[in-house]
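File shown here: protein-v2.pdb, holding PDB, C-alpha atoms.
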```
ATOM      1  CA  MET A 102      53.975  47.149 115.136  1.00  0.00           C
ATOM      2  CA  LYS A 103      54.744  50.121 112.936  1.00  0.00           C
ATOM      3  CA  GLY A 104      53.669  53.539 114.070  1.00  0.00           C
ATOM      4  CA  GLY A 105      52.507  56.066 111.555  1.00  0.00           C
ATOM      5  CA  ASN A 106      54.782  58.953 112.573  1.00  0.00           C
ATOM      6  CA  SER A 107      56.908  57.363 115.250  1.00  0.00           C
ATOM      7  CA  GLY A 108      60.142  57.185 113.245  1.00  0.00           C
ATOM      8  CA  CYS A 109      62.205  59.410 111.024  1.00  0.00           C
ATOM      9  CA  THR A 110      63.862  58.546 107.729  1.00  0.00           C
ATOM     10  CA  SER A 111      67.647  58.756 107.393  1.00  0.00           C
ATOM     11  CA  SER A 112      67.340  61.891 105.278  1.00  0.00           C
ATOM     12  CA  GLU A 113      65.305  63.557 108.015  1.00  0.00           C
ATOM     13  CA  LYS A 114      67.854  62.608 110.645  1.00  0.00           C
ATOM     14  CA  ASP A 115      70.787  63.925 108.620  1.00  0.00           C
ATOM     15  CA  ARG A 116      69.489  67.155 107.184  1.00  0.00           C
ATOM     16  CA  ILE A 117      72.906  68.841 107.358  1.00  0.00           C
ATOM     17  CA  SER A 118      74.378  66.370 104.858  1.00  0.00           C
ATOM     18  CA  ASN A 119      71.666  67.350 102.390  1.00  0.00           C
ATOM     19  CA  LEU A 120      72.642  71.003 102.480  1.00  0.00           C
ATOM     20  CA  PRO A 121      74.579  72.440  99.525  1.00  0.00           C
ATOM     21  CA  ASP A 122      78.364  72.635  99.846  1.00  0.00           C
ATOM     22  CA  SER A 123      78.327  76.419 100.059  1.00  0.00           C
ATOM     23  CA  LEU A 124      76.119  76.361 103.168  1.00  0.00           C
ATOM     24  CA  VAL A 125      78.088  73.497 104.760  1.00  0.00           C
ATOM     25  CA  HIS A 126      81.296  75.453 104.157  1.00  0.00           C
ATOM     26  CA  HIS A 127      79.779  78.512 105.798  1.00  0.00           C
ATOM     27  CA  ILE A 128      78.768  76.543 108.895  1.00  0.00           C
ATOM     28  CA  LEU A 129      82.205  74.922 109.202  1.00  0.00           C
ATOM     29  CA  SER A 130      84.012  78.230 108.707  1.00  0.00           C
ATOM     30  CA  PHE A 131      83.357  79.107 112.358  1.00  0.00           C
ATOM     31  CA  VAL A 132      85.379  76.214 113.818  1.00  0.00           C
ATOM     32  CA  ASP A 133      89.018  75.164 113.907  1.00  0.00           C
ATOM     33  CA  THR A 134      90.133  73.330 110.764  1.00  0.00           C
ATOM     34  CA  LYS A 135      91.172  70.387 112.972  1.00  0.00           C
ATOM     35  CA  PHE A 136      87.496  69.699 113.656  1.00  0.00           C
ATOM     36  CA  VAL A 137      86.529  70.328 110.034  1.00  0.00           C
ATOM     37  CA  VAL A 138      88.932  67.596 108.901  1.00  0.00           C
ATOM     38  CA  GLN A 139      87.396  65.204 111.426  1.00  0.00           C
ATOM     39  CA  THR A 140      84.059  65.386 109.572  1.00  0.00           C
ATOM     40  CA  CYS A 141      85.590  63.175 106.866  1.00  0.00           C
ATOM     41  CA  VAL A 142      84.717  60.082 108.951  1.00  0.00           C
ATOM     42  CA  LEU A 143      80.994  60.858 109.100  1.00  0.00           C
ATOM     43  CA  SER A 144      80.039  59.513 105.683  1.00  0.00           C
ATOM     44  CA  LYS A 145      81.072  59.500 102.013  1.00  0.00           C
ATOM     45  CA  ARG A 146      79.249  62.809 101.662  1.00  0.00           C
ATOM     46  CA  TRP A 147      81.718  64.398 104.092  1.00  0.00           C
ATOM     47  CA  GLN A 148      84.887  62.602 103.007  1.00  0.00           C
ATOM     48  CA  TYR A 149      86.321  65.423 100.916  1.00  0.00           C
ATOM     49  CA  THR A 150      84.273  68.413 102.042  1.00  0.00           C
ATOM     50  CA  TRP A 151      87.207  69.825 104.041  1.00  0.00           C
ATOM     51  CA  THR A 152      89.487  69.889 100.973  1.00  0.00           C
ATOM     52  CA  SER A 153      87.564  72.779  99.431  1.00  0.00           C
ATOM     53  CA  MET A 154      86.868  74.867 102.543  1.00  0.00           C
ATOM     54  CA  PRO A 155      87.081  78.601 101.659  1.00  0.00           C
ATOM     55  CA  VAL A 156      87.909  79.470 105.290  1.00  0.00           C
ATOM     56  CA  LEU A 157      90.817  77.839 107.129  1.00  0.00           C
ATOM     57  CA  ASN A 158      91.312  78.353 110.870  1.00  0.00           C
ATOM     58  CA  PHE A 159      94.538  77.015 112.368  1.00  0.00           C
ATOM     59  CA  CYS A 160      95.154  77.625 116.058  1.00  0.00           C
ATOM     60  CA  HIS A 161      98.168  76.360 118.003  1.00  0.00           C
ATOM     61  CA  HIS A 162      98.715  77.162 121.671  1.00  0.00           C
ATOM     62  CA  HIS A 163     101.411  75.332 123.581  1.00  0.00           C
ATOM     63  CA  LYS A 164      99.582  73.217 126.193  1.00  0.00           C
ATOM     64  CA  SER A 165     101.134  71.846 129.339  1.00  0.00           C
ATOM     65  CA  ASP A 166      99.130  72.224 132.537  1.00  0.00           C
ATOM     66  CA  ASP A 167      95.832  72.036 130.677  1.00  0.00           C
ATOM     67  CA  ALA A 168      96.807  69.029 128.574  1.00  0.00           C
ATOM     68  CA  GLU A 169      94.220  66.912 130.325  1.00  0.00           C
ATOM     69  CA  ASP A 170      91.497  69.090 128.813  1.00  0.00           C
ATOM     70  CA  ARG A 171      92.333  67.952 125.287  1.00  0.00           C
ATOM     71  CA  ASP A 172      89.759  66.046 123.276  1.00  0.00           C
ATOM     72  CA  ASP A 173      91.708  62.778 122.906  1.00  0.00           C
ATOM     73  CA  GLU A 174      89.125  61.173 120.646  1.00  0.00           C
ATOM     74  CA  GLY A 175      89.116  64.180 118.336  1.00  0.00           C
ATOM     75  CA  ASP A 176      92.907  64.338 118.302  1.00  0.00           C
ATOM     76  CA  ASN A 177      93.052  60.680 117.291  1.00  0.00           C
ATOM     77  CA  LEU A 178      90.826  61.398 114.311  1.00  0.00           C
ATOM     78  CA  THR A 179      93.024  64.301 113.268  1.00  0.00           C
ATOM     79  CA  ASN A 180      96.185  62.229 113.681  1.00  0.00           C
ATOM     80  CA  ARG A 181      95.173  60.001 110.813  1.00  0.00           C
ATOM     81  CA  PHE A 182      97.157  62.549 108.778  1.00  0.00           C
ATOM     82  CA  ILE A 183     100.238  62.209 110.999  1.00  0.00           C
ATOM     83  CA  THR A 184     102.558  59.224 111.379  1.00  0.00           C
ATOM     84  CA  ASP A 185     104.689  58.398 114.392  1.00  0.00           C
ATOM     85  CA  GLU A 186     107.746  59.671 112.516  1.00  0.00           C
ATOM     86  CA  ASP A 187     106.221  63.147 112.310  1.00  0.00           C
ATOM     87  CA  CYS A 188     106.239  63.649 116.098  1.00  0.00           C
ATOM     88  CA  ASP A 189     109.161  63.533 118.486  1.00  0.00           C
ATOM     89  CA  ASP A 190     109.200  63.303 122.276  1.00  0.00           C
ATOM     90  CA  GLU A 191     106.718  65.053 124.565  1.00  0.00           C
ATOM     91  CA  GLY A 192     108.600  68.357 124.525  1.00  0.00           C
ATOM     92  CA  GLU A 193     108.231  68.866 120.774  1.00  0.00           C
ATOM     93  CA  ASN A 194     105.362  66.755 119.512  1.00  0.00           C
ATOM     94  CA  LEU A 195     102.632  69.399 119.904  1.00  0.00           C
ATOM     95  CA  THR A 196     104.346  71.901 117.623  1.00  0.00           C
ATOM     96  CA  ASN A 197     105.738  69.285 115.236  1.00  0.00           C
ATOM     97  CA  CYS A 198     102.330  67.673 114.848  1.00  0.00           C
ATOM     98  CA  PHE A 199     100.706  71.071 114.288  1.00  0.00           C
ATOM     99  CA  ILE A 200     103.219  71.904 111.533  1.00  0.00           C
ATOM    100  CA  THR A 201     102.700  68.503 109.901  1.00  0.00           C
ATOM    101  CA  PHE A 202      98.924  68.830 110.124  1.00  0.00           C
ATOM    102  CA  VAL A 203      98.812  72.260 108.446  1.00  0.00           C
ATOM    103  CA  ASP A 204     101.273  71.109 105.766  1.00  0.00           C
ATOM    104  CA  LYS A 205      99.133  68.094 104.911  1.00  0.00           C
ATOM    105  CA  VAL A 206      95.849  70.016 104.912  1.00  0.00           C
ATOM    106  CA  LEU A 207      97.309  72.482 102.417  1.00  0.00           C
ATOM    107  CA  SER A 208      99.009  69.816 100.293  1.00  0.00           C
ATOM    108  CA  LEU A 209      95.791  67.759 100.015  1.00  0.00           C
ATOM    109  CA  ARG A 210      93.634  70.771  99.259  1.00  0.00           C
ATOM    110  CA  ASP A 211      91.536  70.936  96.098  1.00  0.00           C
ATOM    111  CA  ASN A 212      93.690  72.992  93.736  1.00  0.00           C
ATOM    112  CA  ASN A 213      90.605  74.516  92.115  1.00  0.00           C
ATOM    113  CA  SER A 214      89.301  75.991  95.389  1.00  0.00           C
ATOM    114  CA  ASP A 215      90.321  79.505  96.377  1.00  0.00           C
ATOM    115  CA  ILE A 216      90.884  80.527  99.993  1.00  0.00           C
ATOM    116  CA  GLN A 217      88.594  83.308 101.159  1.00  0.00           C
ATOM    117  CA  ARG A 218      90.106  83.612 104.643  1.00  0.00           C
ATOM    118  CA  PHE A 219      93.255  82.111 106.153  1.00  0.00           C
ATOM    119  CA  HIS A 220      93.426  82.498 109.945  1.00  0.00           C
ATOM    120  CA  LEU A 221      96.576  81.408 111.759  1.00  0.00           C
ATOM    121  CA  GLU A 222      97.321  81.666 115.496  1.00  0.00           C
ATOM    122  CA  CYS A 223     100.653  80.475 116.915  1.00  0.00           C
ATOM    123  CA  SER A 224     101.497  81.275 120.517  1.00  0.00           C
ATOM    124  CA  VAL A 225     104.847  79.437 120.487  1.00  0.00           C
ATOM    125  CA  CYS A 226     108.045  81.506 120.276  1.00  0.00           C
ATOM    126  CA  TYR A 227     110.263  80.893 117.263  1.00  0.00           C
ATOM    127  CA  THR A 228     113.458  80.592 119.301  1.00  0.00           C
ATOM    128  CA  VAL A 229     111.994  77.453 120.853  1.00  0.00           C
ATOM    129  CA  TRP A 230     110.697  76.012 117.590  1.00  0.00           C
ATOM    130  CA  ASP A 231     112.984  77.033 114.710  1.00  0.00           C
ATOM    131  CA  ASP A 232     110.908  75.192 112.108  1.00  0.00           C
ATOM    132  CA  LEU A 233     107.815  77.280 112.868  1.00  0.00           C
ATOM    133  CA  TYR A 234     109.122  80.466 111.205  1.00  0.00           C
ATOM    134  CA  GLY A 235     109.857  78.724 107.916  1.00  0.00           C
ATOM    135  CA  SER A 236     106.545  76.924 108.112  1.00  0.00           C
ATOM    136  CA  ILE A 237     104.561  80.161 108.450  1.00  0.00           C
ATOM    137  CA  LYS A 238     106.274  81.551 105.354  1.00  0.00           C
ATOM    138  CA  ARG A 239     105.456  78.324 103.502  1.00  0.00           C
ATOM    139  CA  TRP A 240     101.797  78.467 104.568  1.00  0.00           C
ATOM    140  CA  VAL A 241     101.442  82.102 103.507  1.00  0.00           C
ATOM    141  CA  THR A 242     102.889  81.200 100.110  1.00  0.00           C
ATOM    142  CA  ALA A 243     100.353  78.366  99.787  1.00  0.00           C
ATOM    143  CA  ALA A 244      97.488  80.703 100.731  1.00  0.00           C
ATOM    144  CA  VAL A 245      98.591  83.257  98.134  1.00  0.00           C
ATOM    145  CA  SER A 246      98.728  80.520  95.484  1.00  0.00           C
ATOM    146  CA  HIS A 247      95.036  79.886  96.250  1.00  0.00           C
ATOM    147  CA  ASN A 248      94.123  83.565  95.770  1.00  0.00           C
ATOM    148  CA  VAL A 249      93.614  84.305  99.452  1.00  0.00           C
ATOM    149  CA  GLN A 250      91.402  87.320 100.143  1.00  0.00           C
ATOM    150  CA  GLU A 251      91.739  87.734 103.910  1.00  0.00           C
ATOM    151  CA  LEU A 252      94.833  86.829 105.915  1.00  0.00           C
ATOM    152  CA  HIS A 253      95.226  86.871 109.701  1.00  0.00           C
ATOM    153  CA  ILE A 254      98.536  85.974 111.338  1.00  0.00           C
ATOM    154  CA  GLU A 255      99.024  85.947 115.104  1.00  0.00           C
ATOM    155  CA  ALA A 256     102.570  84.952 116.027  1.00  0.00           C
ATOM    156  CA  LYS A 257     105.487  85.537 118.390  1.00  0.00           C
ATOM    157  CA  PRO A 258     108.655  86.011 116.315  1.00  0.00           C
ATOM    158  CA  ASP A 259     111.580  86.158 118.738  1.00  0.00           C
ATOM    159  CA  GLU A 260     113.665  87.405 115.833  1.00  0.00           C
ATOM    160  CA  ASP A 261     113.167  89.671 112.830  1.00  0.00           C
ATOM    161  CA  PHE A 262     109.945  88.939 110.966  1.00  0.00           C
ATOM    162  CA  GLU A 263     109.898  88.659 107.178  1.00  0.00           C
ATOM    163  CA  ILE A 264     106.768  87.867 105.222  1.00  0.00           C
ATOM    164  CA  PRO A 265     107.221  86.199 101.817  1.00  0.00           C
ATOM    165  CA  LEU A 266     107.488  88.596  98.896  1.00  0.00           C
ATOM    166  CA  CYS A 267     104.510  86.921  97.219  1.00  0.00           C
ATOM    167  CA  LEU A 268     102.195  88.365  99.890  1.00  0.00           C
ATOM    168  CA  TYR A 269     103.279  91.945  99.158  1.00  0.00           C
ATOM    169  CA  THR A 270     102.385  91.488  95.498  1.00  0.00           C
ATOM    170  CA  CYS A 271      99.163  89.538  96.077  1.00  0.00           C
ATOM    171  CA  ASP A 272      96.479  90.857  93.729  1.00  0.00           C
ATOM    172  CA  SER A 273      93.653  89.038  95.510  1.00  0.00           C
ATOM    173  CA  LEU A 274      94.301  90.238  99.098  1.00  0.00           C
ATOM    174  CA  THR A 275      91.602  92.554 100.466  1.00  0.00           C
ATOM    175  CA  LYS A 276      92.241  92.301 104.230  1.00  0.00           C
ATOM    176  CA  LEU A 277      95.451  91.840 106.205  1.00  0.00           C
ATOM    177  CA  ASP A 278      95.629  91.415 109.995  1.00  0.00           C
ATOM    178  CA  LEU A 279      99.034  91.053 111.666  1.00  0.00           C
ATOM    179  CA  GLU A 280      99.208  90.503 115.418  1.00  0.00           C
ATOM    180  CA  LEU A 281     102.902  90.121 116.233  1.00  0.00           C
ATOM    181  CA  THR A 282     104.679  89.912 119.578  1.00  0.00           C
ATOM    182  CA  GLY A 283     108.405  90.462 119.103  1.00  0.00           C
ATOM    183  CA  PHE A 284     111.485  90.235 121.270  1.00  0.00           C
ATOM    184  CA  GLN A 285     113.571  92.668 123.329  1.00  0.00           C
ATOM    185  CA  GLU A 286     117.120  91.889 124.414  1.00  0.00           C
ATOM    186  CA  ASP A 287     117.675  92.189 128.165  1.00  0.00           C
ATOM    187  CA  ASP A 288     119.389  95.476 129.097  1.00  0.00           C
ATOM    188  CA  GLU A 289     119.736  96.354 125.411  1.00  0.00           C
ATOM    189  CA  ASP A 290     117.831  98.725 123.182  1.00  0.00           C
ATOM    190  CA  TYR A 291     117.065  96.026 120.629  1.00  0.00           C
ATOM    191  CA  PHE A 292     113.670  94.932 119.382  1.00  0.00           C
ATOM    192  CA  SER A 293     112.541  92.491 116.688  1.00  0.00           C
ATOM    193  CA  LYS A 294     112.119  94.182 113.308  1.00  0.00           C
ATOM    194  CA  ILE A 295     109.674  93.803 110.451  1.00  0.00           C
ATOM    195  CA  ILE A 296     111.662  93.245 107.257  1.00  0.00           C
ATOM    196  CA  LEU A 297     109.978  94.687 104.180  1.00  0.00           C
ATOM    197  CA  PRO A 298     110.761  93.867 100.538  1.00  0.00           C
ATOM    198  CA  HIS A 299     111.691  96.466  97.918  1.00  0.00           C
ATOM    199  CA  THR A 300     108.714  95.522  95.732  1.00  0.00           C
ATOM    200  CA  MET A 301     105.232  96.039  97.144  1.00  0.00           C
ATOM    201  CA  SER A 302     101.842  96.307  95.479  1.00  0.00           C
ATOM    202  CA  LEU A 303      98.500  95.444  97.082  1.00  0.00           C
ATOM    203  CA  PRO A 304      95.955  96.992  94.706  1.00  0.00           C
ATOM    204  CA  ARG A 305      92.855  95.394  96.263  1.00  0.00           C
ATOM    205  CA  LEU A 306      93.716  95.776  99.952  1.00  0.00           C
ATOM    206  CA  LYS A 307      90.912  97.598 101.764  1.00  0.00           C
ATOM    207  CA  SER A 308      91.599  96.794 105.421  1.00  0.00           C
ATOM    208  CA  LEU A 309      94.915  96.738 107.321  1.00  0.00           C
ATOM    209  CA  ASP A 310      95.066  95.911 111.038  1.00  0.00           C
ATOM    210  CA  LEU A 311      98.490  95.996 112.742  1.00  0.00           C
ATOM    211  CA  ARG A 312      98.708  94.966 116.396  1.00  0.00           C
ATOM    212  CA  LEU A 313     102.361  95.008 117.360  1.00  0.00           C
ATOM    213  CA  SER A 314     104.246  94.403 120.587  1.00  0.00           C
ATOM    214  CA  TYR A 315     108.026  94.858 120.843  1.00  0.00           C
ATOM    215  CA  ILE A 316     108.492  94.660 117.085  1.00  0.00           C
ATOM    216  CA  LEU A 317     109.434  97.635 114.921  1.00  0.00           C
ATOM    217  CA  PHE A 318     109.370  98.993 111.398  1.00  0.00           C
ATOM    218  CA  SER A 319     113.026 100.019 111.066  1.00  0.00           C
ATOM    219  CA  ASP A 320     113.530 101.240 107.474  1.00  0.00           C
ATOM    220  CA  GLU A 321     111.785 104.585 106.963  1.00  0.00           C
ATOM    221  CA  LYS A 322     111.991 104.535 103.161  1.00  0.00           C
ATOM    222  CA  LEU A 323     110.572 101.033 102.821  1.00  0.00           C
ATOM    223  CA  THR A 324     107.949 101.672 105.503  1.00  0.00           C
ATOM    224  CA  SER A 325     106.709 104.730 103.607  1.00  0.00           C
ATOM    225  CA  LYS A 326     106.647 102.647 100.445  1.00  0.00           C
ATOM    226  CA  PHE A 327     104.678  99.954 102.259  1.00  0.00           C
ATOM    227  CA  PHE A 328     101.946 102.375 103.370  1.00  0.00           C
ATOM    228  CA  SER A 329     101.779 103.755  99.828  1.00  0.00           C
ATOM    229  CA  SER A 330     101.310 100.366  98.199  1.00  0.00           C
ATOM    230  CA  PHE A 331      97.557  99.975  98.799  1.00  0.00           C
ATOM    231  CA  PRO A 332      95.695 102.823  97.012  1.00  0.00           C
ATOM    232  CA  ASN A 333      92.230 101.455  97.822  1.00  0.00           C
ATOM    233  CA  LEU A 334      92.649 101.214 101.598  1.00  0.00           C
ATOM    234  CA  GLU A 335      89.479 102.053 103.516  1.00  0.00           C
ATOM    235  CA  SER A 336      90.345 100.988 107.070  1.00  0.00           C
ATOM    236  CA  LEU A 337      93.646 101.270 108.962  1.00  0.00           C
ATOM    237  CA  VAL A 338      94.141 100.188 112.582  1.00  0.00           C
ATOM    238  CA  ILE A 339      97.521 100.388 114.336  1.00  0.00           C
ATOM    239  CA  VAL A 340      97.867  99.315 117.968  1.00  0.00           C
ATOM    240  CA  TYR A 341     101.272  99.159 119.621  1.00  0.00           C
ATOM    241  CA  TRP A 342     102.668  98.124 123.000  1.00  0.00           C
ATOM    242  CA  GLY A 343     106.238  98.334 124.243  1.00  0.00           C
ATOM    243  CA  ARG A 344     107.786 101.536 122.900  1.00  0.00           C
ATOM    244  CA  ASP A 345     106.909 105.230 122.891  1.00  0.00           C
ATOM    245  CA  GLU A 346     107.589 105.600 119.162  1.00  0.00           C
ATOM    246  CA  GLY A 347     104.734 103.225 118.399  1.00  0.00           C
ATOM    247  CA  GLY A 348     106.892 100.759 116.479  1.00  0.00           C
ATOM    248  CA  PHE A 349     108.127 103.208 113.855  1.00  0.00           C
ATOM    249  CA  LEU A 350     111.374 104.561 115.387  1.00  0.00           C
ATOM    250  CA  ASP A 351     110.309 108.242 115.135  1.00  0.00           C
ATOM    251  CA  MET A 352     109.695 107.977 111.393  1.00  0.00           C
ATOM    252  CA  ASN A 353     108.193 110.829 109.435  1.00  0.00           C
ATOM    253  CA  LEU A 354     105.624 108.911 107.406  1.00  0.00           C
TER     254      LEU A 354
END
```

As structure tokens, the full file:
Amino acid sequence: MKGGNSGCTSSEKDRISNLPDSLVHHILSFVDTKFVVQTCVLSKRWQYTWTSMPVLNFCHHHKSDDAEDRDDEGDNLTNRFITDEDCDDEGENLTNCFITFVDKVLSLRDNNSDIQRFHLECSVCYTVWDDLYGSIKRWVTAAVSHNVQELHIEAKPDEDFEIPLCLYTCDSLTKLDLELTGFQEDDEDYFSKIILPHTMSLPRLKSLDLRLSYILFSDEKLTSKFFSSFPNLESLVIVYWGRDEGGFLDMNL
């Protein structure tokens, strides 16, 4: 027997799929891109939604003791992008798979879709994973090629840190957040350094947030040039841990 109002149509059950792409993108912008990619298995409507996401959130924290808390089913869905050759033994597969995943998300992205915000968190030290440093530079270059507006990088460079030149001449960038934890040699007065290019121009940058730990600006001339390269800056935040000079080596800026 059929009840008058006892059931719901498929469209009523899946109201989210009927939303416009712009609203779906906004909802998905609050979660890790790994989970956004997993929506491709829901239906044909969702198959390529992730390829035009304006907000990308990539978060990689080296897991060991809490590995049992991982969402194995979700990881299996994400790994459809990753072959067995992409991952080595247990000691390296987490970082190698993360690098491969980000590379493939960016390479399969809709070329006509700009990136509003690119958020990257990497808690692994570069000295352990040499490929990670080059990968971050490659990802920043890809974000700039998609006219990125807001860029957040949280990383632990156990060496000098150099951002690609293309970022320092990015006309679309309006917000830059750098949260960097550097390296100090034992019993030596040596810290990681931020390497700046000789050409810098960020005409649209309005917000700069620097949160630095044991990593220094070392070239006074280039550092002064850096802070003079964004004429429309409205907000500047500098937080530093690890040295009395505040990461600027007693510079007169």

Excluding same-chain residues fewer than 5 positions from range 278-285 of chain A, what lies within 10 Å of it counting all atoms listed in the file, as a PyMOL selection string?
chain A and resi 220-224+226-227+251-262+290-295+308-317+338-343

Dump as a short mmCIF file (atom, residue, chain, number, x, y, z; two decimals), in the coordinates of the input, selection limited to C-alpha atoms:
```
data_model
loop_
_atom_site.label_atom_id
_atom_site.label_comp_id
_atom_site.auth_asym_id
_atom_site.auth_seq_id
_atom_site.Cartn_x
_atom_site.Cartn_y
_atom_site.Cartn_z
CA HIS A 220 93.43 82.50 109.94
CA LEU A 221 96.58 81.41 111.76
CA GLU A 222 97.32 81.67 115.50
CA CYS A 223 100.65 80.47 116.92
CA SER A 224 101.50 81.28 120.52
CA CYS A 226 108.04 81.51 120.28
CA TYR A 227 110.26 80.89 117.26
CA GLU A 251 91.74 87.73 103.91
CA LEU A 252 94.83 86.83 105.92
CA HIS A 253 95.23 86.87 109.70
CA ILE A 254 98.54 85.97 111.34
CA GLU A 255 99.02 85.95 115.10
CA ALA A 256 102.57 84.95 116.03
CA LYS A 257 105.49 85.54 118.39
CA PRO A 258 108.66 86.01 116.32
CA ASP A 259 111.58 86.16 118.74
CA GLU A 260 113.66 87.40 115.83
CA ASP A 261 113.17 89.67 112.83
CA PHE A 262 109.94 88.94 110.97
CA ASP A 290 117.83 98.72 123.18
CA TYR A 291 117.06 96.03 120.63
CA PHE A 292 113.67 94.93 119.38
CA SER A 293 112.54 92.49 116.69
CA LYS A 294 112.12 94.18 113.31
CA ILE A 295 109.67 93.80 110.45
CA SER A 308 91.60 96.79 105.42
CA LEU A 309 94.92 96.74 107.32
CA ASP A 310 95.07 95.91 111.04
CA LEU A 311 98.49 96.00 112.74
CA ARG A 312 98.71 94.97 116.40
CA LEU A 313 102.36 95.01 117.36
CA SER A 314 104.25 94.40 120.59
CA TYR A 315 108.03 94.86 120.84
CA ILE A 316 108.49 94.66 117.08
CA LEU A 317 109.43 97.64 114.92
CA VAL A 338 94.14 100.19 112.58
CA ILE A 339 97.52 100.39 114.34
CA VAL A 340 97.87 99.32 117.97
CA TYR A 341 101.27 99.16 119.62
CA TRP A 342 102.67 98.12 123.00
CA GLY A 343 106.24 98.33 124.24
#
```

For the structure provided, state which residues fall under the PyMOL selection byres ((chain A and resi 241) around 9), and present them as a PyMOL selection string.
chain A and resi 219+236-240+242-246+252+264-265+267-268

Top pick for closest residue to Val156 in chain A, considering A:Ser273, A:Ser214, A:Ser330, A:Ser325 and counting all atoms listed in the file:
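That would be A:Ser214, the residue with the smallest distance to Val156 in chain A.
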
Enumerate, as a PyMOL selection string, the residues matched when the PyMOL selection byres ((chain A and resi 320) around 10) is run on the file above.
chain A and resi 294-297+317-319+321-326+349-350+352

Pull out every residue that the PyMOL selection byres ((chain A and resi 217) around 6) matches in the shown coordinates and put them as an MDAnalysis selection string.
chainID A and resid 155:156 216 218 249:250

Would you kindly identify which residues have an atom no farther than 12 Å from (101.1, 70.7, 110.8), using all atoms listed in the file and the file's own coordinates, and write them out as a VMD selection string?
chain A and resid 134 to 135 159 to 161 179 to 180 182 to 184 187 to 188 194 to 208 221 223 232 to 233 236 to 237 239 to 240

Based on the selection just made, write C-alpha atoms of those residues as a PDB file, in the frame of the given file.
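Full text of selection_14.pdb as output:
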```
ATOM      1  CA  THR A 134      90.133  73.330 110.764  1.00  0.00           C
ATOM      2  CA  LYS A 135      91.172  70.387 112.972  1.00  0.00           C
ATOM      3  CA  PHE A 159      94.538  77.015 112.368  1.00  0.00           C
ATOM      4  CA  CYS A 160      95.154  77.625 116.058  1.00  0.00           C
ATOM      5  CA  HIS A 161      98.168  76.360 118.003  1.00  0.00           C
ATOM      6  CA  THR A 179      93.024  64.301 113.268  1.00  0.00           C
ATOM      7  CA  ASN A 180      96.185  62.229 113.681  1.00  0.00           C
ATOM      8  CA  PHE A 182      97.157  62.549 108.778  1.00  0.00           C
ATOM      9  CA  ILE A 183     100.238  62.209 110.999  1.00  0.00           C
ATOM     10  CA  THR A 184     102.558  59.224 111.379  1.00  0.00           C
ATOM     11  CA  ASP A 187     106.221  63.147 112.310  1.00  0.00           C
ATOM     12  CA  CYS A 188     106.239  63.649 116.098  1.00  0.00           C
ATOM     13  CA  ASN A 194     105.362  66.755 119.512  1.00  0.00           C
ATOM     14  CA  LEU A 195     102.632  69.399 119.904  1.00  0.00           C
ATOM     15  CA  THR A 196     104.346  71.901 117.623  1.00  0.00           C
ATOM     16  CA  ASN A 197     105.738  69.285 115.236  1.00  0.00           C
ATOM     17  CA  CYS A 198     102.330  67.673 114.848  1.00  0.00           C
ATOM     18  CA  PHE A 199     100.706  71.071 114.288  1.00  0.00           C
ATOM     19  CA  ILE A 200     103.219  71.904 111.533  1.00  0.00           C
ATOM     20  CA  THR A 201     102.700  68.503 109.901  1.00  0.00           C
ATOM     21  CA  PHE A 202      98.924  68.830 110.124  1.00  0.00           C
ATOM     22  CA  VAL A 203      98.812  72.260 108.446  1.00  0.00           C
ATOM     23  CA  ASP A 204     101.273  71.109 105.766  1.00  0.00           C
ATOM     24  CA  LYS A 205      99.133  68.094 104.911  1.00  0.00           C
ATOM     25  CA  VAL A 206      95.849  70.016 104.912  1.00  0.00           C
ATOM     26  CA  LEU A 207      97.309  72.482 102.417  1.00  0.00           C
ATOM     27  CA  SER A 208      99.009  69.816 100.293  1.00  0.00           C
ATOM     28  CA  LEU A 221      96.576  81.408 111.759  1.00  0.00           C
ATOM     29  CA  CYS A 223     100.653  80.475 116.915  1.00  0.00           C
ATOM     30  CA  ASP A 232     110.908  75.192 112.108  1.00  0.00           C
ATOM     31  CA  LEU A 233     107.815  77.280 112.868  1.00  0.00           C
ATOM     32  CA  SER A 236     106.545  76.924 108.112  1.00  0.00           C
ATOM     33  CA  ILE A 237     104.561  80.161 108.450  1.00  0.00           C
ATOM     34  CA  ARG A 239     105.456  78.324 103.502  1.00  0.00           C
ATOM     35  CA  TRP A 240     101.797  78.467 104.568  1.00  0.00           C
TER      36      TRP A 240
END
```

Around range 158-161 of chain A, fit a box with edges along x, y and z, padding it by 4 Å on each side, then list its centre and edge lengths in Å to one decimal as AutoDock Vina command-line options.
```
--center_x 94.7 --center_y 77.4 --center_z 114.4 --size_x 14.9 --size_y 10.0 --size_z 15.1
```

Which polymer residues have any atom within 7 Å of an atom of range 331-336 of chain A, counting all atoms listed in the file, with same-chain residues fewer than 6 positions away left out, as an MDAnalysis selection string?
chainID A and resid 302:309

State, in Å with one decimal place, the distance from CA of Tyr149 in chain A to CA of Lys276 in chain A.
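Those two atoms sit 27.7 Å apart.
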
Distance in Å - CA of Thr300 in chain A versus CA of Asn213 in chain A:
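A separation of 28.0 Å between them.
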
Do you have the CA of Asn158 in chain A-CA of Val132 in chain A distance handy?
7.0 Å

Shortest contact to Phe136 in chain A, candidates A:Leu157, A:Phe328, A:Met301, A:Tyr269, atoms counted all atoms listed in the file, goes to A:Leu157
